[in-house]
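K.L.:
Handing over data03.txt, compact mmCIF, C-alpha atoms.
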```txt
# COMPACT_ATOMS: atom_id res chain seq x y z
CA MET A 964 -38.29 7.45 -24.20
CA GLY A 965 -34.99 9.09 -23.24
CA THR A 966 -31.75 7.31 -22.40
CA LEU A 967 -28.87 7.99 -20.08
CA ARG A 968 -26.12 9.81 -21.97
CA VAL A 969 -22.47 9.82 -20.97
CA LEU A 970 -21.32 13.27 -22.06
CA GLU A 971 -17.61 13.60 -22.75
CA PRO A 972 -16.14 16.27 -25.04
CA SER A 973 -13.33 15.34 -27.37
CA GLY A 974 -9.86 15.53 -25.88
CA HIS A 975 -10.81 15.35 -22.19
CA SER A 976 -10.20 12.41 -19.92
CA ALA A 977 -12.89 11.17 -17.56
CA VAL A 978 -10.52 11.53 -14.62
CA ASN A 979 -8.06 14.18 -13.55
CA SER A 980 -5.64 13.95 -16.44
CA SER A 981 -2.53 14.73 -14.38
CA GLN A 982 -2.65 11.29 -12.74
CA PRO A 983 -2.96 7.70 -14.04
CA MET A 984 -6.47 6.39 -14.55
CA MET A 985 -7.84 3.78 -12.15
CA THR A 986 -10.10 0.88 -13.10
CA LEU A 987 -13.68 1.70 -12.15
CA PRO A 988 -17.14 0.51 -13.19
CA GLU A 989 -18.56 1.56 -16.53
CA VAL A 990 -21.76 3.58 -16.67
CA LEU A 991 -24.49 1.39 -18.10
CA PRO A 992 -27.19 2.65 -20.51
CA LEU A 993 -30.43 3.37 -18.70
CA GLY A 994 -33.88 4.38 -19.90
CA ALA A 995 -35.76 7.40 -18.65
CA GLU A 996 -37.02 7.01 -15.09
CA THR A 997 -40.76 7.12 -14.52
CA ALA A 998 -42.03 8.45 -11.22
CA ALA A 999 -45.30 7.39 -9.57
CA ASP A 1000 -47.07 10.41 -11.02
CA GLY A 1001 -46.20 9.31 -14.55
CA ASP A 1002 -43.71 12.09 -15.27
CA CYS A 1003 -40.49 11.06 -17.01
CA VAL A 1004 -37.11 11.94 -15.55
CA GLU A 1005 -34.22 11.74 -17.98
CA ILE A 1006 -30.72 11.23 -16.58
CA SER A 1007 -27.53 12.44 -18.22
CA ALA A 1008 -24.11 11.53 -16.82
CA TYR A 1009 -21.17 13.93 -17.15
CA SER A 1010 -17.71 12.48 -16.72
CA SER A 1011 -15.53 15.60 -16.98
CA TRP A 1012 -15.86 19.10 -15.60
CA GLU A 1013 -15.52 20.65 -19.05
CA SER A 1014 -18.61 18.81 -20.26
CA LEU A 1015 -20.72 20.51 -17.56
CA ALA A 1016 -20.56 23.93 -19.21
CA ASP A 1017 -24.14 23.77 -20.52
CA VAL A 1018 -25.47 22.66 -17.11
CA LEU A 1019 -23.91 25.48 -15.06
CA PRO A 1020 -26.65 28.12 -15.70
CA SER A 1021 -29.35 25.70 -14.51
CA TRP A 1022 -27.15 24.72 -11.55
CA GLU A 1023 -26.95 28.39 -10.55
CA THR A 1024 -30.73 28.71 -10.89
CA ILE A 1025 -31.33 25.85 -8.45
CA LEU A 1026 -28.88 27.40 -5.98
CA ARG A 1027 -30.90 30.62 -6.09
CA GLU A 1028 -34.20 28.74 -5.67
CA ASN A 1029 -33.06 26.44 -2.86
CA PRO A 1030 -31.90 28.50 0.16
CA SER A 1031 -30.96 25.39 2.15
CA LEU A 1032 -27.99 24.69 -0.13
CA SER A 1033 -24.65 25.95 1.15
CA ILE A 1034 -21.48 27.26 -0.44
CA PHE A 1035 -20.22 23.66 -0.56
CA SER A 1036 -22.81 22.97 -3.29
CA THR A 1037 -21.56 25.72 -5.59
CA PRO A 1038 -19.69 24.97 -8.83
CA GLU A 1039 -16.85 27.20 -7.60
CA TRP A 1040 -16.18 25.08 -4.51
CA LEU A 1041 -16.69 21.68 -6.15
CA HIS A 1042 -14.62 22.54 -9.23
CA ALA A 1043 -11.73 23.77 -7.07
CA TRP A 1044 -11.96 20.62 -4.95
CA TRP A 1045 -12.00 18.34 -7.99
CA GLU A 1046 -8.99 20.03 -9.57
CA ALA A 1047 -7.08 19.60 -6.30
CA PHE A 1048 -8.20 16.14 -5.20
CA GLY A 1049 -9.55 14.44 -8.34
CA ALA A 1050 -6.48 12.28 -9.00
CA ASN A 1051 -7.30 8.54 -9.19
CA ARG A 1052 -11.01 9.28 -8.87
CA ARG A 1053 -13.67 9.09 -11.57
CA LEU A 1054 -16.09 11.97 -11.89
CA ILE A 1055 -19.76 11.29 -12.54
CA VAL A 1056 -22.22 14.16 -12.22
CA LEU A 1057 -25.79 13.03 -12.77
CA ALA A 1058 -28.25 15.57 -14.18
CA PHE A 1059 -31.98 14.78 -13.73
CA CYS A 1060 -34.26 16.52 -16.19
CA ASP A 1061 -37.96 16.77 -17.02
CA ALA A 1062 -39.18 15.56 -20.38
CA ASP A 1063 -38.91 19.15 -21.62
CA GLY A 1064 -35.21 19.23 -20.66
CA SER A 1065 -35.48 21.46 -17.60
CA LEU A 1066 -33.14 20.48 -14.78
CA ILE A 1067 -34.77 19.23 -11.56
CA GLY A 1068 -31.59 18.19 -9.78
CA LEU A 1069 -27.92 17.26 -9.80
CA ALA A 1070 -26.03 14.53 -7.99
CA PRO A 1071 -22.34 15.54 -8.08
CA LEU A 1072 -20.53 12.25 -7.41
CA TYR A 1073 -17.33 10.35 -7.99
CA TRP A 1074 -16.16 6.75 -7.80
CA GLU A 1075 -12.99 5.65 -6.08
CA ASN A 1076 -11.31 2.48 -4.89
CA ALA A 1077 -10.98 2.43 -1.12
CA LYS A 1078 -9.00 0.06 1.11
CA HIS A 1079 -10.93 -2.32 3.32
CA PRO A 1080 -9.18 -4.23 6.15
CA ILE A 1081 -10.90 -7.52 5.26
CA LEU A 1082 -12.11 -7.33 1.67
CA GLY A 1083 -9.12 -5.47 0.27
CA LYS A 1084 -10.21 -2.89 -2.28
CA ILE A 1085 -13.86 -1.86 -2.37
CA LYS A 1086 -15.51 0.62 -4.72
CA GLN A 1087 -17.21 3.65 -3.22
CA LEU A 1088 -19.63 6.15 -4.72
CA ARG A 1089 -19.19 9.45 -2.87
CA LEU A 1090 -20.41 13.01 -2.99
CA LEU A 1091 -18.07 15.35 -4.81
CA GLY A 1092 -16.06 17.25 -2.20
CA ASP A 1093 -15.97 14.40 0.30
CA GLY A 1094 -12.90 12.40 1.26
CA SER A 1095 -10.27 15.05 2.02
CA GLY A 1096 -11.63 16.54 5.24
CA ASP A 1097 -12.25 19.95 3.64
CA SER A 1098 -15.98 19.98 2.85
CA ASP A 1099 -19.06 19.97 5.07
CA ASN A 1100 -22.77 20.45 4.32
CA LEU A 1101 -22.52 18.34 1.18
CA ASP A 1102 -25.89 17.77 -0.43
CA PHE A 1103 -27.81 16.98 -3.58
CA ILE A 1104 -28.65 20.01 -5.68
CA VAL A 1105 -32.41 19.73 -6.11
CA ARG A 1106 -35.11 22.15 -7.18
CA PRO A 1107 -37.52 22.67 -4.24
CA GLY A 1108 -40.51 20.36 -4.50
CA GLU A 1109 -38.73 17.83 -6.73
CA GLU A 1110 -37.08 15.78 -3.97
CA ASN A 1111 -39.29 12.70 -4.41
CA ARG A 1112 -38.85 12.44 -8.16
CA PHE A 1113 -35.12 13.13 -7.87
CA VAL A 1114 -34.55 10.47 -5.22
CA SER A 1115 -36.70 7.88 -7.01
CA ALA A 1116 -34.61 8.29 -10.15
CA LEU A 1117 -31.32 8.30 -8.22
CA VAL A 1118 -32.14 5.11 -6.31
CA ARG A 1119 -33.23 3.33 -9.49
CA TRP A 1120 -30.03 4.44 -11.24
CA ILE A 1121 -27.88 3.13 -8.37
CA GLY A 1122 -29.78 -0.16 -8.40
CA GLN A 1123 -29.03 -0.68 -12.08
CA GLN A 1124 -25.27 -0.06 -11.89
CA HIS A 1125 -23.05 -3.13 -12.10
CA ASN A 1126 -20.94 -3.42 -8.93
CA CYS A 1127 -21.74 0.12 -7.81
CA GLY A 1128 -19.93 -0.34 -4.50
CA VAL A 1129 -20.73 1.30 -1.19
CA CYS A 1130 -22.65 4.57 -1.51
CA SER A 1131 -21.03 6.78 1.09
CA PHE A 1132 -22.75 10.17 1.39
CA ASN A 1133 -21.26 12.15 4.25
CA THR A 1134 -21.91 15.44 6.10
CA LEU A 1135 -25.48 15.64 4.82
CA PRO A 1136 -27.12 18.64 6.54
CA SER A 1137 -29.99 18.05 8.94
CA ASP A 1138 -32.36 20.21 6.89
CA SER A 1139 -31.74 18.41 3.58
CA LEU A 1140 -35.12 17.25 2.27
CA ALA A 1141 -33.45 15.18 -0.45
CA ALA A 1142 -31.39 13.33 2.16
CA LYS A 1143 -34.48 12.62 4.28
CA VAL A 1144 -36.33 11.22 1.29
CA LEU A 1145 -33.30 9.13 0.29
CA ILE A 1146 -33.03 7.61 3.78
CA ALA A 1147 -36.74 6.77 3.78
CA ARG A 1148 -36.53 5.20 0.31
CA ILE A 1149 -33.62 2.88 1.06
CA GLU A 1150 -35.23 1.86 4.35
CA GLU A 1151 -38.49 1.07 2.56
CA ALA A 1152 -36.55 -1.01 0.03
CA ASN A 1153 -34.67 -2.83 2.83
CA TRP A 1154 -31.29 -1.93 1.39
CA PRO A 1155 -28.42 -2.47 3.85
CA SER A 1156 -27.59 0.91 5.35
CA ARG A 1157 -25.80 2.61 8.19
CA GLN A 1158 -26.33 6.10 9.59
CA THR A 1159 -24.08 7.98 11.98
CA ALA A 1160 -24.41 11.51 13.31
CA ILE A 1161 -21.46 13.87 13.70
CA PRO A 1162 -21.73 17.19 15.54
CA ASN A 1163 -21.51 20.62 14.04
CA SER A 1164 -21.98 24.08 15.51
CA VAL A 1165 -23.41 27.41 14.36
CA VAL A 1166 -23.42 30.79 16.10
CA PRO A 1167 -26.65 32.79 15.60
CA LEU A 1168 -25.53 36.41 15.34
CA ALA A 1169 -27.61 39.23 16.80
CA SER A 1170 -28.67 42.22 14.73
CA THR A 1171 -26.12 44.48 16.44
CA TRP A 1172 -22.61 43.91 17.78
CA GLU A 1173 -23.64 45.33 21.14
CA SER A 1174 -26.52 42.86 21.45
CA TYR A 1175 -24.33 39.96 20.42
CA ILE A 1176 -21.53 40.64 22.89
CA GLU A 1177 -24.03 41.22 25.70
CA GLY A 1178 -25.28 37.71 25.11
CA LEU A 1179 -21.88 36.18 25.90
CA SER A 1180 -20.90 35.12 29.40
CA PRO A 1181 -19.64 38.05 31.52
CA LYS A 1182 -16.26 36.37 32.04
CA PHE A 1183 -15.69 35.76 28.33
CA ARG A 1184 -16.98 39.21 27.38
CA ARG A 1185 -14.53 40.83 29.77
CA LEU A 1186 -11.69 38.70 28.44
CA ILE A 1187 -12.03 39.61 24.77
CA THR A 1188 -12.63 43.29 25.65
CA ARG A 1189 -9.57 43.39 27.92
CA CYS A 1190 -7.35 41.63 25.37
CA ARG A 1191 -8.27 44.11 22.63
CA LYS A 1192 -7.58 47.09 24.90
CA LYS A 1193 -4.17 45.71 25.87
CA LEU A 1194 -3.19 45.19 22.25
CA ASP A 1195 -4.36 48.69 21.33
CA ALA A 1196 -2.19 50.11 24.15
CA GLN A 1197 0.95 48.22 23.10
CA TYR A 1198 0.79 47.94 19.31
CA GLU A 1199 -0.54 49.45 16.15
CA VAL A 1200 -3.42 47.00 15.57
CA ARG A 1201 -4.70 46.32 12.08
CA PHE A 1202 -7.44 43.95 10.92
CA ARG A 1203 -6.72 43.18 7.29
CA ARG A 1204 -9.23 41.62 4.91
CA CYS A 1205 -8.19 40.33 1.49
CA GLU A 1206 -9.69 42.75 -1.01
CA ASN A 1207 -7.88 42.10 -4.32
CA PHE A 1208 -6.26 39.28 -6.25
CA VAL A 1209 -2.66 40.40 -5.77
CA GLU A 1210 -3.03 39.96 -2.00
CA ILE A 1211 -4.11 36.32 -2.18
CA PRO A 1212 -0.72 34.53 -2.47
CA ALA A 1213 0.92 36.38 0.44
CA MET A 1214 -2.11 36.13 2.71
CA LEU A 1215 -2.49 32.43 2.00
CA GLU A 1216 1.18 31.87 2.83
CA THR A 1217 0.61 33.72 6.11
CA LEU A 1218 -2.33 31.43 6.89
CA TYR A 1219 -0.29 28.32 6.06
CA SER A 1220 2.67 29.44 8.14
CA LEU A 1221 0.65 30.40 11.22
CA HIS A 1222 -1.49 27.28 11.03
CA GLN A 1223 1.52 25.00 10.77
CA LYS A 1224 3.35 26.84 13.56
CA ARG A 1225 0.39 26.50 15.90
CA TRP A 1226 -0.09 22.77 15.28
CA ASN A 1227 3.60 21.90 15.15
CA SER A 1228 3.90 23.47 18.62
CA VAL A 1229 1.71 20.62 19.98
CA ASN A 1230 3.41 17.94 17.86
CA GLU A 1231 0.66 17.75 15.24
CA PRO A 1232 1.42 17.86 11.50
CA GLY A 1233 -1.09 20.55 10.54
CA SER A 1234 -3.17 20.57 7.39
CA PHE A 1235 -0.99 22.46 4.94
CA GLY A 1236 1.74 19.94 4.42
CA SER A 1237 -0.65 18.72 1.71
CA ALA A 1238 0.09 20.05 -1.76
CA GLU A 1239 -3.47 19.15 -2.78
CA ARG A 1240 -4.95 21.28 -0.01
CA ARG A 1241 -2.79 24.26 -0.96
CA GLU A 1242 -4.00 23.86 -4.53
CA LEU A 1243 -7.62 23.83 -3.34
CA TYR A 1244 -7.14 27.02 -1.35
CA LYS A 1245 -5.41 28.82 -4.20
CA ARG A 1246 -8.16 27.97 -6.68
CA MET A 1247 -10.99 28.53 -4.21
CA ALA A 1248 -9.69 31.87 -2.94
CA THR A 1249 -9.41 33.26 -6.47
CA SER A 1250 -12.90 32.21 -7.57
CA PHE A 1251 -14.49 33.21 -4.25
CA LEU A 1252 -12.95 36.69 -4.28
CA GLN A 1253 -14.34 37.17 -7.77
CA ARG A 1254 -17.81 36.34 -6.47
CA GLY A 1255 -17.44 38.46 -3.32
CA TRP A 1256 -17.46 35.39 -1.05
CA LEU A 1257 -13.91 35.38 0.30
CA GLU A 1258 -13.32 36.26 3.96
CA LEU A 1259 -9.55 35.84 4.34
CA TRP A 1260 -8.41 37.90 7.33
CA THR A 1261 -5.25 38.56 9.30
CA LEU A 1262 -4.53 40.42 12.53
CA GLU A 1263 -1.37 42.51 12.39
CA LEU A 1264 0.53 44.00 15.32
CA ASN A 1265 3.02 46.67 14.24
CA GLY A 1266 2.83 45.23 10.74
CA ARG A 1267 3.44 41.61 11.81
CA ALA A 1268 0.70 39.08 11.09
CA VAL A 1269 -0.02 37.15 14.30
CA ALA A 1270 -3.33 35.46 13.47
CA ALA A 1271 -5.17 34.46 10.30
CA GLN A 1272 -8.51 32.95 9.37
CA MET A 1273 -9.87 31.61 6.11
CA SER A 1274 -13.65 31.93 5.98
CA PHE A 1275 -16.16 32.58 3.26
CA ARG A 1276 -19.51 34.28 3.05
CA TYR A 1277 -22.48 32.88 1.18
CA ARG A 1278 -25.82 34.63 1.37
CA ASP A 1279 -26.18 35.71 5.01
CA ARG A 1280 -23.89 33.08 6.56
CA VAL A 1281 -20.13 32.93 7.06
CA TYR A 1282 -18.32 29.58 7.13
CA GLY A 1283 -15.06 29.24 9.05
CA LEU A 1284 -12.64 26.85 7.35
CA GLN A 1285 -9.04 27.16 8.61
CA GLU A 1286 -7.13 29.24 11.11
CA GLY A 1287 -3.74 29.78 12.63
CA PHE A 1288 -1.95 32.03 15.10
CA ASP A 1289 1.57 32.91 16.16
CA THR A 1290 2.45 30.99 19.32
CA ASP A 1291 4.83 33.81 20.29
CA PHE A 1292 1.66 35.77 21.11
CA PHE A 1293 0.01 32.94 23.01
CA SER A 1294 -0.74 34.95 26.15
CA GLN A 1295 -2.23 37.90 24.24
CA HIS A 1296 -5.14 35.78 22.96
CA VAL A 1297 -4.68 37.08 19.43
CA GLY A 1298 -7.10 34.45 18.15
CA TYR A 1299 -9.90 35.84 20.29
CA VAL A 1300 -9.18 39.37 19.16
CA LEU A 1301 -9.21 38.46 15.47
CA ARG A 1302 -12.45 36.50 15.74
CA ALA A 1303 -14.16 39.28 17.72
CA GLY A 1304 -13.11 41.86 15.12
CA MET A 1305 -14.42 39.67 12.31
CA PHE A 1306 -17.71 39.00 14.09
CA GLU A 1307 -18.23 42.72 14.58
CA HIS A 1308 -17.64 43.32 10.87
CA PHE A 1309 -19.94 40.46 9.86
CA ILE A 1310 -22.79 41.65 12.06
CA ARG A 1311 -22.53 45.21 10.78
CA SER A 1312 -22.60 43.93 7.17
CA GLY A 1313 -25.75 41.83 7.62
CA VAL A 1314 -24.48 38.32 8.38
CA ASN A 1315 -26.89 36.47 10.67
CA SER A 1316 -24.92 33.30 11.48
CA TYR A 1317 -21.36 32.03 11.71
CA ASP A 1318 -20.89 28.34 10.89
CA PHE A 1319 -18.04 26.62 12.73
CA LEU A 1320 -18.75 23.54 10.56
CA GLY A 1321 -17.86 20.16 12.10
CA GLY A 1322 -17.19 19.73 15.79
CA PHE A 1323 -18.63 21.13 19.00
CA ASN A 1324 -16.69 22.04 22.12
CA ALA A 1325 -16.62 24.45 25.04
CA GLN A 1326 -14.56 27.01 23.16
CA LYS A 1327 -17.15 27.28 20.39
CA GLN A 1328 -19.93 27.46 22.96
CA ARG A 1329 -18.30 30.53 24.48
CA TRP A 1330 -18.96 32.35 21.22
CA GLY A 1331 -22.62 31.30 21.41
CA ALA A 1332 -22.43 28.23 19.18
CA GLU A 1333 -25.43 25.89 19.18
CA LEU A 1334 -25.12 22.15 18.69
CA GLY A 1335 -26.28 20.60 15.44
CA ALA A 1336 -25.48 17.45 13.52
CA TYR A 1337 -24.62 16.13 10.09
CA THR A 1338 -25.66 12.68 8.88
CA ASN A 1339 -23.16 10.26 7.41
CA LEU A 1340 -25.10 7.78 5.28
CA GLN A 1341 -23.75 4.54 3.85
CA PHE A 1342 -25.81 2.02 1.92
CA ALA A 1343 -25.49 -0.66 -0.74
CA THR A 1344 -27.66 -2.71 -3.03
CA PRO A 1345 -28.77 -6.05 -1.49
CA TRP A 1346 -26.72 -9.24 -1.96
CA SER A 1347 -23.69 -7.37 -3.27
CA ILE A 1348 -20.06 -7.40 -2.19
CA ALA A 1349 -20.63 -3.85 -0.99
CA SER A 1350 -23.46 -5.01 1.29
CA CYS A 1351 -21.07 -7.55 2.87
CA CYS A 1352 -18.57 -4.74 3.40
CA LEU A 1353 -21.24 -2.63 5.06
CA ALA A 1354 -22.28 -5.50 7.35
CA LEU A 1355 -18.67 -6.03 8.43
CA ASP A 1356 -18.22 -2.32 9.12
CA LYS A 1357 -21.42 -2.18 11.18
CA SER A 1358 -20.28 -5.17 13.23
CA ALA A 1359 -16.85 -3.63 13.79
CA ALA A 1360 -18.40 -0.34 14.85
CA ALA A 1361 -20.69 -2.11 17.32
CA SER A 1362 -17.72 -4.00 18.79
CA LYS A 1363 -15.76 -0.77 19.09
CA GLU A 1364 -18.60 0.93 20.96
CA TRP A 1365 -18.87 -2.06 23.32
CA LEU A 1366 -15.17 -1.83 24.11
CA ARG A 1367 -15.36 1.93 24.56
CA HIS A 1368 -18.08 1.57 27.19
CA HIS A 1369 -16.66 -1.46 29.01
CA LEU A 1370 -12.89 -0.97 29.01
CA PRO A 1371 -11.27 1.27 31.64
CA PRO A 1372 -10.28 4.65 30.12
CA VAL A 1373 -6.57 3.85 30.45
CA ALA A 1374 -6.98 0.54 28.59
CA TRP A 1375 -9.10 2.18 25.87
CA SER A 1376 -6.49 4.92 25.38
CA LEU A 1377 -3.71 2.34 25.14
CA LEU A 1378 -5.66 0.30 22.59
CA HIS A 1379 -6.34 3.41 20.51
CA ARG A 1380 -2.66 4.39 20.51
CA MET A 1381 -1.65 0.88 19.49
CA LYS A 1382 -4.08 1.03 16.56
CA LEU A 1383 -2.67 4.37 15.41
CA SER A 1384 0.87 3.05 15.69
CA LEU A 1385 0.13 -0.09 13.68
CA SER A 1386 -1.83 1.76 11.01
CA HIS A 1387 0.57 4.72 10.87
CA GLU A 1388 -2.38 7.09 11.16
CA PRO A 1389 -1.86 10.57 12.62
CA ALA A 1390 -3.38 11.20 16.03
CA SER A 1391 -5.51 13.98 14.53
CA GLY A 1392 -6.74 13.88 10.96
CA ASP A 1393 -7.15 16.87 8.69
CA HIS A 1394 -10.83 17.12 9.56
CA GLU A 1395 -10.07 17.47 13.28
CA LEU A 1396 -7.45 20.11 12.51
CA LYS A 1397 -9.91 21.95 10.30
CA CYS A 1398 -12.56 21.91 12.99
CA ALA A 1399 -10.22 23.20 15.69
CA THR A 1400 -10.55 26.90 16.40
CA LEU A 1401 -8.17 29.67 17.24
CA GLU A 1402 -9.52 29.99 20.75
CA GLU A 1403 -8.11 26.55 21.53
CA GLU A 1404 -4.81 28.36 21.95
CA VAL A 1405 -5.67 28.64 25.65
CA GLY A 1406 -7.95 25.71 26.36
CA VAL A 1407 -9.76 27.53 29.20
CA VAL A 1408 -10.86 31.08 29.73
CA GLN A 1409 -8.94 32.78 32.50
```
Can I see the file as structure tokens?
P.N.:
Amino acid sequence: MGTLRVLEPSGHSAVNSSQPMMTLPEVLPLGAETAADGDCVEISAYSSWESLADVLPSWETILRENPSLSIFSTPEWLHAWWEAFGANRRLIVLAFCDADGSLIGLAPLYWENAKHPILGKIKQLRLLGDGSGDSDNLDFIVRPGEENRFVSALVRWIGQQHNCGVCSFNTLPSDSLAAKVLIARIEEANWPSRQTAIPNSVVPLASTWESYIEGLSPKFRRLITRCRKKLDAQYEVRFRRCENFVEIPAMLETLYSLHQKRWNSVNEPGSFGSAERRELYKRMATSFLQRGWLELWTLELNGRAVAAQMSFRYRDRVYGLQEGFDTDFFSQHVGYVLRAGMFEHFIRSGVNSYDFLGGFNAQKQRWGAELGAYTNLQFATPWSIASCCLALDKSAAASKEWLRHHLPPVAWSLLHRMKLSLSHEPASGDHELKCATLEEEVGVVQ
């Protein structure tokens, strides 16, 4: 019978070596898991990125076999994220294999210590990529048809960890079979759990640009057409797409500058004051361009960049991540013009959907976005400190919802502002800034 192996090559720390190590639970030895059908599932735990080298080919194979997995499940994205945000976190990637050694699934995870208002510090087990407001569509990387065996082994592994903490698996996509099986398993076992839904939005793109734009509202269609014609009459208009590595630093700086200028104009901090986020974008842009996934665009008027968007293409979908525009060109709707030009290019090159990721609002609807939802799942083993934490959080959330529905709007707003002031939290977090779109430069369509 196999055992759980903690794989760690000589000379590599289990956490990001540029920062001090935090105290976290040890990984306990565990025998091979046996599913109901009698097949053995062997689990290996990897505690550094370097030790994953032998797993990467099988990881890529599962990505090819499982079309529901997104770009946020690729080694390129998760490695870049870990290098940027891995400080004071402990990596643990679980590999689930058949008795013959073939990989059936991966659970890319990490442990961290999180602050709790009542219990102080509480351990959390999270999906790799979560926690910074940069990743959506996070999921388990499972070979199609192996979801039941994978989840059975994962749940048993979690149950055998000493003081595992709160399992907090966020932005699980609605079509994740592994997530659905996991939710059913923990409900069957009566483990304390909490589920919340957060909106997302995706634009189905037509097969031709002409068909797509005809499907928009007449008012919005006229607006983006009129804005483009006015710019063409007044400026030399250029849509620029990053095509080689030497362009990356300058185009990223343009994105950072325009994003910060836009948000600073409404007294928000913006996302790129974070050195970690800049590091993520630098690493991600380089690896994505190498794979042909990078969609970093700017709109230039007479050689001056006035709008920028960081997106990436994976299979036949484009994901929009961050944007910015020059507020000096507020009235020219340069954000609309850039997005329309990009959509036209995407449609002509075979993209069939544009993913706005988290958030849903009227501006996204104008581009044809349809409402969807992610699932945020939290659970803990019974009779643990983590289960007490989860019960307290559920009670607090219920009280908050009661107040939201019973307090007058003015009183609720005042209470919210007082909370932000006392906690020193920004009015809009990085995730809200990420989800905001360039078309919010105007708020309404004229």
K.L.:
Measure the distance from atom CA of Val1300 of chain A to atom CA of Tyr1337 of chain A in Å and round it to one decimal.
P.N.:
29.3 Å
K.L.:
Per residue of segment 989-1083 of chain A within 9 Å of segment 1229-1253 of chain A, what are the shortest atom pair and its distance in Å to one decimal, counting all atoms listed in the file, with rows by chain and residue number, as JSON lines?
P.N.:
```
{"residue": "A:Glu1039", "atom": "CA", "partner": "A:Ser1250", "partner_atom": "CA", "distance": 6.4}
{"residue": "A:Trp1040", "atom": "CA", "partner": "A:Met1247", "partner_atom": "CA", "distance": 6.2}
{"residue": "A:His1042", "atom": "CA", "partner": "A:Met1247", "partner_atom": "CA", "distance": 8.6}
{"residue": "A:Ala1043", "atom": "CA", "partner": "A:Arg1246", "partner_atom": "CA", "distance": 5.5}
{"residue": "A:Trp1044", "atom": "CA", "partner": "A:Leu1243", "partner_atom": "CA", "distance": 5.6}
{"residue": "A:Trp1045", "atom": "CA", "partner": "A:Leu1243", "partner_atom": "CA", "distance": 8.4}
{"residue": "A:Glu1046", "atom": "CA", "partner": "A:Leu1243", "partner_atom": "CA", "distance": 7.4}
{"residue": "A:Ala1047", "atom": "CA", "partner": "A:Glu1239", "partner_atom": "CA", "distance": 5.1}
{"residue": "A:Phe1048", "atom": "CA", "partner": "A:Glu1239", "partner_atom": "CA", "distance": 6.1}
```
K.L.:
Just to be explicit: take each residue in the selection above, keep C-alpha atoms, and write the result as an mmCIF file, keeping the file's coordinate frame.
P.N.:
```
data_model
loop_
_atom_site.group_PDB
_atom_site.id
_atom_site.type_symbol
_atom_site.label_atom_id
_atom_site.label_comp_id
_atom_site.auth_asym_id
_atom_site.auth_seq_id
_atom_site.Cartn_x
_atom_site.Cartn_y
_atom_site.Cartn_z
ATOM 1 C CA GLU A 1039 -16.850 27.200 -7.600
ATOM 2 C CA TRP A 1040 -16.180 25.080 -4.510
ATOM 3 C CA HIS A 1042 -14.620 22.540 -9.230
ATOM 4 C CA ALA A 1043 -11.730 23.770 -7.070
ATOM 5 C CA TRP A 1044 -11.960 20.620 -4.950
ATOM 6 C CA TRP A 1045 -12.000 18.340 -7.990
ATOM 7 C CA GLU A 1046 -8.990 20.030 -9.570
ATOM 8 C CA ALA A 1047 -7.080 19.600 -6.300
ATOM 9 C CA PHE A 1048 -8.200 16.140 -5.200
#
```
K.L.:
Once you count all atoms listed in the file, which residues end up no further than 12 Å from (-7.8, 45.2, -2.4) in the file's frame, shown as JSON, numbers by chain?
P.N.:
{"A": [1203, 1204, 1205, 1206, 1207, 1208, 1209, 1210, 1211, 1214, 1252, 1253, 1255, 1257, 1259]}
K.L.:
Could you dump the residues just selected with C-alpha atoms as an mmCIF file, keeping the file's coordinate frame?
P.N.:
```cif
data_model
loop_
_atom_site.group_PDB
_atom_site.id
_atom_site.type_symbol
_atom_site.label_atom_id
_atom_site.label_comp_id
_atom_site.auth_asym_id
_atom_site.auth_seq_id
_atom_site.Cartn_x
_atom_site.Cartn_y
_atom_site.Cartn_z
ATOM 1 C CA ARG A 1203 -6.720 43.180 7.290
ATOM 2 C CA ARG A 1204 -9.230 41.620 4.910
ATOM 3 C CA CYS A 1205 -8.190 40.330 1.490
ATOM 4 C CA GLU A 1206 -9.690 42.750 -1.010
ATOM 5 C CA ASN A 1207 -7.880 42.100 -4.320
ATOM 6 C CA PHE A 1208 -6.260 39.280 -6.250
ATOM 7 C CA VAL A 1209 -2.660 40.400 -5.770
ATOM 8 C CA GLU A 1210 -3.030 39.960 -2.000
ATOM 9 C CA ILE A 1211 -4.110 36.320 -2.180
ATOM 10 C CA MET A 1214 -2.110 36.130 2.710
ATOM 11 C CA LEU A 1252 -12.950 36.690 -4.280
ATOM 12 C CA GLN A 1253 -14.340 37.170 -7.770
ATOM 13 C CA GLY A 1255 -17.440 38.460 -3.320
ATOM 14 C CA LEU A 1257 -13.910 35.380 0.300
ATOM 15 C CA LEU A 1259 -9.550 35.840 4.340
#
```
K.L.:
Name all residues at most 7 Å from Leu1091 of chain A (count only C-alpha atoms; drop same-chain ones fewer than 4 positions away) and give them as a list in words.
P.N.:
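Counting only the stated atoms, we get Leu1041, Pro1071, Leu1072 and Tyr1073 of chain A.
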K.L.:
Would you compute the distance between atom CA of Thr1344 of chain A and atom CA of Ala1050 of chain A? Give it in Å to one decimal.
P.N.:
26.6 Å
K.L.:
Using all atoms listed in the file, which of A:Asn1051, A:Asn1324, A:Gln1272, A:Ser1294 sits nearest Lys1193 of chain A?
P.N.:
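The closest residue to Lys1193 of chain A is A:Ser1294.
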K.L.:
Restricting the calculation to all atoms listed in the file: of A:Leu1135, A:Leu1284, A:Leu1179, A:Met1305, which residue gets closest to Ala1160 of chain A?
P.N.:
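Smallest distance to Ala1160 of chain A is found for A:Leu1135.
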K.L.:
What does the distance from atom CA of Phe1035 of chain A to atom CA of Val1314 of chain A come to in Å, to one decimal?
P.N.:
17.7 Å
